[in-house]
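**Q** Input model09.pdb, format and content: PDB, C-alpha atoms.
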ATOM      1  CA  MET A1025      19.680 -86.072   6.439
ATOM      2  CA  LEU A1026      20.182 -82.537   5.144
ATOM      3  CA  GLN A1027      17.018 -82.438   3.068
ATOM      4  CA  ASP A1028      14.977 -83.284   6.180
ATOM      5  CA  LYS A1029      16.228 -80.175   7.987
ATOM      6  CA  GLN A1030      14.639 -76.804   7.534
ATOM      7  CA  VAL A1031      17.029 -74.190   6.170
ATOM      8  CA  ALA A1032      17.185 -70.699   7.694
ATOM      9  CA  LEU A1033      19.072 -67.595   6.555
ATOM     10  CA  VAL A1034      19.991 -64.720   8.873
ATOM     11  CA  THR A1035      21.453 -61.524   7.387
ATOM     12  CA  GLY A1036      24.022 -59.730   9.510
ATOM     13  CA  GLY A1037      24.420 -62.920  11.517
ATOM     14  CA  ASN A1038      27.995 -62.503  12.717
ATOM     15  CA  ARG A1039      27.235 -60.414  15.832
ATOM     16  CA  GLY A1040      24.598 -59.101  18.228
ATOM     17  CA  ILE A1041      21.002 -60.214  17.809
ATOM     18  CA  GLY A1042      21.830 -61.821  14.454
ATOM     19  CA  TYR A1043      24.455 -64.080  16.012
ATOM     20  CA  GLU A1044      22.027 -65.154  18.739
ATOM     21  CA  LEU A1045      19.304 -65.823  16.165
ATOM     22  CA  VAL A1046      21.707 -68.082  14.249
ATOM     23  CA  LYS A1047      22.755 -69.864  17.447
ATOM     24  CA  GLN A1048      19.215 -70.449  18.687
ATOM     25  CA  LEU A1049      17.883 -71.567  15.295
ATOM     26  CA  ALA A1050      20.738 -74.057  14.943
ATOM     27  CA  SER A1051      20.182 -75.235  18.524
ATOM     28  CA  ASN A1052      16.584 -75.982  17.537
ATOM     29  CA  GLY A1053      17.446 -78.224  14.612
ATOM     30  CA  PHE A1054      17.721 -75.800  11.700
ATOM     31  CA  LYS A1055      20.476 -75.753   9.113
ATOM     32  CA  VAL A1056      21.437 -72.074   9.413
ATOM     33  CA  ILE A1057      23.233 -69.871   6.921
ATOM     34  CA  MET A1058      24.599 -66.641   8.335
ATOM     35  CA  THR A1059      25.541 -63.776   6.067
ATOM     36  CA  SER A1060      27.816 -60.797   6.556
ATOM     37  CA  ARG A1061      29.506 -58.359   4.235
ATOM     38  CA  ASN A1062      32.777 -59.008   6.085
ATOM     39  CA  SER A1063      34.246 -62.385   5.174
ATOM     40  CA  GLU A1064      36.761 -62.541   8.027
ATOM     41  CA  LYS A1065      34.230 -61.712  10.756
ATOM     42  CA  GLY A1066      31.630 -64.008   9.227
ATOM     43  CA  HIS A1067      33.952 -66.993   9.094
ATOM     44  CA  ALA A1068      35.131 -66.358  12.668
ATOM     45  CA  ALA A1069      31.528 -66.305  13.932
ATOM     46  CA  MET A1070      30.684 -69.456  11.968
ATOM     47  CA  GLN A1071      33.689 -71.334  13.360
ATOM     48  CA  LYS A1072      32.711 -70.376  16.888
ATOM     49  CA  LEU A1073      29.259 -71.893  16.373
ATOM     50  CA  THR A1074      30.358 -74.985  14.478
ATOM     51  CA  GLY A1075      32.791 -75.544  17.350
ATOM     52  CA  LEU A1076      29.712 -75.956  19.544
ATOM     53  CA  GLY A1077      28.477 -78.691  17.227
ATOM     54  CA  LEU A1078      25.890 -76.495  15.497
ATOM     55  CA  ASP A1079      24.950 -76.829  11.812
ATOM     56  CA  VAL A1080      25.941 -73.365  10.632
ATOM     57  CA  SER A1081      27.483 -72.173   7.381
ATOM     58  CA  PHE A1082      28.524 -68.748   6.141
ATOM     59  CA  ILE A1083      28.047 -66.857   2.885
ATOM     60  CA  VAL A1084      29.348 -63.390   2.108
ATOM     61  CA  MET A1085      26.449 -61.123   1.189
ATOM     62  CA  ASP A1086      26.277 -57.340   1.148
ATOM     63  CA  VAL A1087      22.640 -56.261   1.357
ATOM     64  CA  GLU A1088      23.551 -52.979  -0.365
ATOM     65  CA  ASP A1089      24.747 -54.888  -3.430
ATOM     66  CA  LYS A1090      22.053 -56.498  -5.608
ATOM     67  CA  LYS A1091      24.613 -58.628  -7.448
ATOM     68  CA  SER A1092      25.899 -59.980  -4.133
ATOM     69  CA  ILE A1093      22.337 -60.828  -3.037
ATOM     70  CA  ARG A1094      21.503 -62.590  -6.309
ATOM     71  CA  GLN A1095      24.723 -64.617  -6.140
ATOM     72  CA  ALA A1096      23.961 -65.700  -2.557
ATOM     73  CA  ALA A1097      20.484 -66.826  -3.634
ATOM     74  CA  ILE A1098      21.970 -68.875  -6.497
ATOM     75  CA  THR A1099      24.512 -70.471  -4.143
ATOM     76  CA  ILE A1100      21.878 -71.427  -1.564
ATOM     77  CA  ASN A1101      19.552 -72.788  -4.249
ATOM     78  CA  ASN A1102      22.385 -74.918  -5.655
ATOM     79  CA  GLN A1103      23.516 -76.173  -2.242
ATOM     80  CA  PHE A1104      20.194 -76.712  -0.482
ATOM     81  CA  GLY A1105      17.401 -76.242  -3.018
ATOM     82  CA  ARG A1106      15.194 -74.577  -0.447
ATOM     83  CA  LEU A1107      14.820 -71.801   2.102
ATOM     84  CA  ASP A1108      12.299 -72.121   4.909
ATOM     85  CA  VAL A1109      13.085 -69.154   7.157
ATOM     86  CA  LEU A1110      14.499 -65.742   6.215
ATOM     87  CA  ILE A1111      15.395 -63.252   8.943
ATOM     88  CA  ASN A1112      16.270 -59.779   7.669
ATOM     89  CA  ASN A1113      18.431 -58.654  10.563
ATOM     90  CA  ALA A1114      21.224 -56.630   8.909
ATOM     91  CA  GLY A1115      20.813 -52.934   9.639
ATOM     92  CA  VAL A1116      22.587 -49.665  10.400
ATOM     93  CA  TYR A1117      21.957 -46.856  12.883
ATOM     94  CA  LEU A1118      24.035 -43.900  11.762
ATOM     95  CA  ASP A1119      22.306 -40.665  12.702
ATOM     96  CA  GLU A1120      22.113 -40.317  16.472
ATOM     97  CA  GLY A1121      22.258 -36.620  17.337
ATOM     98  CA  GLU A1122      21.693 -35.576  13.712
ATOM     99  CA  LYS A1123      18.776 -33.566  12.310
ATOM    100  CA  LEU A1124      17.183 -34.794   9.109
ATOM    101  CA  LEU A1125      17.460 -31.475   7.277
ATOM    102  CA  THR A1126      21.044 -30.689   8.278
ATOM    103  CA  MET A1127      22.710 -34.118   8.205
ATOM    104  CA  ASP A1128      24.834 -35.159   5.260
ATOM    105  CA  SER A1129      22.253 -36.603   2.864
ATOM    106  CA  VAL A1130      24.550 -39.595   2.285
ATOM    107  CA  MET A1131      23.660 -40.690   5.818
ATOM    108  CA  LEU A1132      19.964 -40.951   4.935
ATOM    109  CA  GLU A1133      20.734 -42.641   1.605
ATOM    110  CA  LYS A1134      23.007 -45.255   3.213
ATOM    111  CA  THR A1135      20.470 -45.934   5.976
ATOM    112  CA  MET A1136      17.693 -46.497   3.452
ATOM    113  CA  ALA A1137      19.982 -48.582   1.242
ATOM    114  CA  THR A1138      20.657 -51.030   4.074
ATOM    115  CA  ASN A1139      17.535 -50.973   6.232
ATOM    116  CA  PHE A1140      14.911 -50.733   3.483
ATOM    117  CA  PHE A1141      16.177 -51.439  -0.035
ATOM    118  CA  GLY A1142      18.473 -54.186   1.234
ATOM    119  CA  VAL A1143      15.525 -56.031   2.757
ATOM    120  CA  TYR A1144      13.433 -55.466  -0.370
ATOM    121  CA  HIS A1145      16.062 -56.963  -2.673
ATOM    122  CA  VAL A1146      16.820 -59.873  -0.323
ATOM    123  CA  ILE A1147      13.128 -60.827  -0.196
ATOM    124  CA  ARG A1148      12.783 -60.531  -3.988
ATOM    125  CA  SER A1149      15.805 -62.763  -4.545
ATOM    126  CA  PHE A1150      14.959 -65.456  -1.992
ATOM    127  CA  ILE A1151      11.178 -65.729  -2.238
ATOM    128  CA  PRO A1152      11.384 -68.106  -5.250
ATOM    129  CA  LEU A1153      13.129 -70.675  -3.007
ATOM    130  CA  MET A1154      10.107 -70.539  -0.690
ATOM    131  CA  GLU A1155       7.579 -70.613  -3.502
ATOM    132  CA  LYS A1156       9.115 -73.842  -4.845
ATOM    133  CA  HIS A1157       7.865 -75.672  -1.749
ATOM    134  CA  ASP A1158       4.920 -73.368  -0.886
ATOM    135  CA  TYR A1159       6.404 -72.687   2.537
ATOM    136  CA  GLY A1160       8.295 -69.815   4.111
ATOM    137  CA  ARG A1161       8.576 -67.641   7.191
ATOM    138  CA  ILE A1162      10.035 -64.146   6.742
ATOM    139  CA  ILE A1163      10.867 -62.014   9.777
ATOM    140  CA  ASN A1164      11.888 -58.374   9.336
ATOM    141  CA  ILE A1165      13.785 -56.937  12.302
ATOM    142  CA  SER A1166      12.252 -53.486  12.678
ATOM    143  CA  SER A1167      12.046 -51.082  15.618
ATOM    144  CA  SER A1168       9.523 -49.180  17.702
ATOM    145  CA  TYR A1169      11.242 -46.133  16.157
ATOM    146  CA  GLY A1170       9.466 -47.120  12.945
ATOM    147  CA  ALA A1171       6.019 -46.666  14.493
ATOM    148  CA  MET A1172       3.996 -43.799  13.016
ATOM    149  CA  ARG A1173       3.749 -42.020  16.381
ATOM    150  CA  GLU A1174       7.551 -41.632  16.413
ATOM    151  CA  MET A1175       7.447 -39.429  13.313
ATOM    152  CA  SER A1176       6.139 -36.518  15.416
ATOM    153  CA  ARG A1177       9.244 -36.623  17.633
ATOM    154  CA  GLN A1178      12.547 -35.117  16.579
ATOM    155  CA  GLY A1179      15.682 -37.216  16.318
ATOM    156  CA  VAL A1180      17.242 -40.160  14.457
ATOM    157  CA  GLY A1181      15.138 -39.270  11.418
ATOM    158  CA  ALA A1182      17.041 -41.421   8.928
ATOM    159  CA  TYR A1183      16.737 -44.521  11.089
ATOM    160  CA  LYS A1184      13.066 -43.842  11.858
ATOM    161  CA  LEU A1185      12.190 -43.347   8.182
ATOM    162  CA  SER A1186      13.998 -46.532   7.199
ATOM    163  CA  LYS A1187      12.061 -48.591   9.739
ATOM    164  CA  LEU A1188       8.762 -46.875   8.888
ATOM    165  CA  ALA A1189       9.351 -47.849   5.263
ATOM    166  CA  LEU A1190      10.297 -51.387   6.330
ATOM    167  CA  ASN A1191       7.050 -51.693   8.275
ATOM    168  CA  GLY A1192       5.091 -50.562   5.221
ATOM    169  CA  LEU A1193       6.999 -53.035   3.055
ATOM    170  CA  THR A1194       6.109 -55.851   5.460
ATOM    171  CA  GLN A1195       2.392 -55.056   5.204
ATOM    172  CA  LEU A1196       2.408 -54.638   1.421
ATOM    173  CA  ILE A1197       4.289 -57.885   0.798
ATOM    174  CA  ALA A1198       1.886 -59.686   3.142
ATOM    175  CA  THR A1199      -0.987 -58.698   0.832
ATOM    176  CA  GLU A1200       0.851 -60.315  -2.116
ATOM    177  CA  MET A1201       1.806 -63.560  -0.384
ATOM    178  CA  LYS A1202       0.091 -66.721  -1.582
ATOM    179  CA  GLY A1203      -0.037 -70.124   0.042
ATOM    180  CA  ASN A1204       1.850 -70.936   3.213
ATOM    181  CA  ILE A1205       4.390 -68.100   3.137
ATOM    182  CA  LYS A1206       4.179 -65.585   5.962
ATOM    183  CA  ILE A1207       5.924 -62.285   6.636
ATOM    184  CA  ASN A1208       5.937 -60.291   9.879
ATOM    185  CA  ALA A1209       7.964 -57.508  11.497
ATOM    186  CA  VAL A1210       9.336 -57.469  15.027
ATOM    187  CA  ASP A1211      10.620 -54.852  17.437
ATOM    188  CA  PRO A1212      13.457 -56.565  19.315
ATOM    189  CA  GLY A1213      13.428 -53.892  22.018
ATOM    190  CA  TRP A1214      16.447 -52.023  23.378
ATOM    191  CA  VAL A1215      19.146 -54.669  23.212
ATOM    192  CA  SER A1216      22.707 -54.555  24.570
ATOM    193  CA  THR A1217      24.546 -54.838  21.254
ATOM    194  CA  ASP A1218      27.058 -52.622  19.449
ATOM    195  CA  MET A1219      24.049 -50.702  18.135
ATOM    196  CA  GLY A1220      22.057 -50.588  21.370
ATOM    197  CA  GLY A1221      24.933 -49.898  23.720
ATOM    198  CA  PRO A1222      25.952 -51.524  27.016
ATOM    199  CA  SER A1223      23.215 -49.927  29.155
ATOM    200  CA  ALA A1224      20.337 -51.551  27.222
ATOM    201  CA  PRO A1225      18.179 -53.752  29.476
ATOM    202  CA  ILE A1226      17.625 -56.692  27.092
ATOM    203  CA  THR A1227      20.313 -59.247  26.257
ATOM    204  CA  PRO A1228      20.720 -60.545  22.701
ATOM    205  CA  GLU A1229      19.797 -64.003  24.024
ATOM    206  CA  GLN A1230      16.494 -62.738  25.433
ATOM    207  CA  SER A1231      15.707 -60.738  22.302
ATOM    208  CA  ALA A1232      16.399 -63.645  19.945
ATOM    209  CA  ALA A1233      14.199 -65.972  21.984
ATOM    210  CA  SER A1234      11.342 -63.452  21.801
ATOM    211  CA  ILE A1235      11.605 -63.305  17.989
ATOM    212  CA  LEU A1236      12.019 -66.918  16.967
ATOM    213  CA  TRP A1237       8.462 -68.073  17.665
ATOM    214  CA  LEU A1238       7.596 -66.406  14.346
ATOM    215  CA  ALA A1239      10.011 -68.768  12.582
ATOM    216  CA  THR A1240       7.870 -71.783  13.426
ATOM    217  CA  ILE A1241       4.286 -70.485  13.299
ATOM    218  CA  GLY A1242       1.742 -72.755  11.643
ATOM    219  CA  PRO A1243      -0.498 -71.950   8.664
ATOM    220  CA  ASP A1244      -2.962 -70.199  10.975
ATOM    221  CA  GLY A1245      -0.241 -67.950  12.440
ATOM    222  CA  PRO A1246      -0.096 -64.178  11.969
ATOM    223  CA  GLN A1247       0.479 -62.546   8.602
ATOM    224  CA  GLY A1248       1.641 -58.965   8.103
ATOM    225  CA  GLY A1249       1.813 -58.099  11.809
ATOM    226  CA  PHE A1250       4.168 -56.076  14.015
ATOM    227  CA  PHE A1251       5.256 -57.766  17.244
ATOM    228  CA  ARG A1252       7.224 -57.169  20.422
ATOM    229  CA  GLY A1253       7.738 -60.437  22.237
ATOM    230  CA  GLN A1254       4.657 -62.386  21.244
ATOM    231  CA  GLU A1255       2.344 -59.384  21.550
ATOM    232  CA  GLN A1256       1.087 -57.535  18.498
ATOM    233  CA  ILE A1257       1.801 -53.788  18.605
ATOM    234  CA  ASP A1258       0.540 -50.792  16.648
ATOM    235  CA  TRP A1259       2.222 -49.679  13.431
TER     236      TRP A1259
END
The structure given in the file should be rewritten as structure tokens.

**A**
Amino acid sequence: MLQDKQVALVTGGNRGIGYELVKQLASNGFKVIMTSRNSEKGHAAMQKLTGLGLDVSFIVMDVEDKKSIRQAAITINNQFGRLDVLINNAGVYLDEGEKLLTMDSVMLEKTMATNFFGVYHVIRSFIPLMEKHDYGRIINISSSYGAMREMSRQGVGAYKLSKLALNGLTQLIATEMKGNIKINAVDPGWVSTDMGGPSAPITPEQSAASILWLATIGPDGPQGGFFRGQEQIDW
């Protein structure tokens, strides 16, 4: 029965790592909701997965639009009454080859709007669904580019700052979590997606598998950590 299944939400779930996360969660018995800002692409991805017999649904949600996020949270609360796993996967990488001080400032603003503020508003809107049942697992898809040591190296400054801020957000929210709700960040590695490019050594399938253990950790599992694979790494 539906209420016996855990419900998971994956933002940006219509392609790349997000699509694989949806597929693998559904293959492991979750009811999975994928979101995308593009209705046509989202529905196409959902139909591909439901055609495999997987329990996947789709909701339009633009993580840059607070109204869109709030409406998605209302819809999921009305339909399922719960959310057990939230994976903040949606992200942009816009500034390769650009310098922070000479790029169009809109590039930095858009990167922060998606990669940082989007995650912040999604968590704020969906955490009440976890608090209702005193259970939740939140996974923020970050990057090794967000590690503090990367700030002393030139390049992709907008992306690096957005992931640095996301890492800080993960730690700060962890200090505010009560009960059996856990939040962690992961570095998926260099993955062969539209963002990572075809020469990346890690497949989306491999990357998703290395992330999803955090979706099912027990009450003694990590809180406020940064992981690559199942190994904790430095902020």

**Q** Have a look at A:Ile1162, A:Ile1041, A:Ile1111, A:Met1172 and name the one nearest to Lys1184 (chain A); count all atoms listed in the file.

**A**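 Of all the options, A:Met1172 lies closest to Lys1184 (chain A).
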
**Q** Any chance you could resolve the PyMOL selection byres ((chain A and resi 1033) around 8) against this file and give the residues as a PDB file with C-alpha atoms, keeping the file's coordinate frame?

**A**
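This is the output file selection_30.pdb:
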ATOM      1  CA  VAL A1031      17.029 -74.190   6.170  1.00  0.00           C
ATOM      2  CA  ALA A1032      17.185 -70.699   7.694  1.00  0.00           C
ATOM      3  CA  VAL A1034      19.991 -64.720   8.873  1.00  0.00           C
ATOM      4  CA  THR A1035      21.453 -61.524   7.387  1.00  0.00           C
ATOM      5  CA  VAL A1056      21.437 -72.074   9.413  1.00  0.00           C
ATOM      6  CA  ILE A1057      23.233 -69.871   6.921  1.00  0.00           C
ATOM      7  CA  MET A1058      24.599 -66.641   8.335  1.00  0.00           C
ATOM      8  CA  THR A1059      25.541 -63.776   6.067  1.00  0.00           C
ATOM      9  CA  LEU A1107      14.820 -71.801   2.102  1.00  0.00           C
ATOM     10  CA  VAL A1109      13.085 -69.154   7.157  1.00  0.00           C
ATOM     11  CA  LEU A1110      14.499 -65.742   6.215  1.00  0.00           C
ATOM     12  CA  ILE A1111      15.395 -63.252   8.943  1.00  0.00           C
TER      13      ILE A1111
END

**Q** Quick one: what's the axis-aligned box for region 1038-1057 of chain A, all listed atoms, 3 Å on every side, centre and edges in Å to one decimal, as JSON?

**A**
{"center_x": 22.3, "center_y": -68.7, "center_z": 12.8, "size_x": 17.4, "size_y": 25.1, "size_z": 17.8}

**Q** Smallest atom-to-atom distance to Ile1207 (chain A): which of A:Ala1233, A:Ala1239, A:Met1136, A:Ala1189, using only C-alpha atoms?

**A**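 Looking only at the distances to Ile1207 (chain A), the closest residue turns out to be A:Ala1239.
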
**Q** Run through the PyMOL selection byres ((chain A and resi 1247) around 8) on the given coordinates and return the selected residues as a ChimeraX atom specification.

**A** /A:1198,1206-1208,1245-1246,1248-1249

**Q** Which residues are near Gly1142 (chain A)? Cut-off 12 Å, only C-alpha atoms, ignore same chain within fewer than 3 positions. Put them as a PyMOL selection string.

**A** chain A and resi 1035-1036+1085-1094+1112-1116+1133-1139+1145-1149+1164+1186+1189-1190+1193

**Q** What's the separation between CA of Gly1040 (chain A) and CA of Asp1258 (chain A), in Å to one decimal place?

**A** 25.5 Å

**Q** Expand the PyMOL selection byres ((chain A and resi 1157) around 10) into the explicit residue set it covers here, and present it as JSON, numbers by chain.

**A** {"A": [1105, 1106, 1107, 1108, 1152, 1153, 1154, 1155, 1156, 1158, 1159, 1160, 1203, 1204, 1205]}

**Q** Using CA of Glu1122 (chain A) and CA of Asn1062 (chain A) as the two end points, give the distance in Å to one decimal.

**A** 27.0 Å

**Q** State, in Å with one decimal place, the distance from CA of Gly1170 (chain A) to CA of Trp1259 (chain A).

**A**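 According to the coordinates, CA of Gly1170 (chain A) and CA of Trp1259 (chain A) are separated by 7.7 Å.
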
**Q** Closest to Gly1242 (chain A) among A:Glu1174, A:Ile1151, A:Asn1052, A:Arg1161, using only C-alpha atoms?

**A**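 Of all the options, A:Arg1161 lies closest to Gly1242 (chain A).
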
**Q** Residues at most 9 Å from Val1210 (chain A), counting all atoms listed in the file, excluding those fewer than 5 positions away in the same chain, as a list in words?

**A**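 Once the adjacent positions are removed, what remains is Ile1163, Asn1164, Ile1165, Ser1166, Ser1167, Ser1168, Ile1235, Gly1249, Phe1250, Phe1251, Arg1252, Gly1253 and Gln1256 of chain A.
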
**Q** Nearest residue to Gln1178 (chain A) out of A:Leu1073, A:Met1131, A:Leu1125, A:Leu1236, using all atoms listed in the file?

**A**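 Nearest to Gln1178 (chain A): A:Leu1125.
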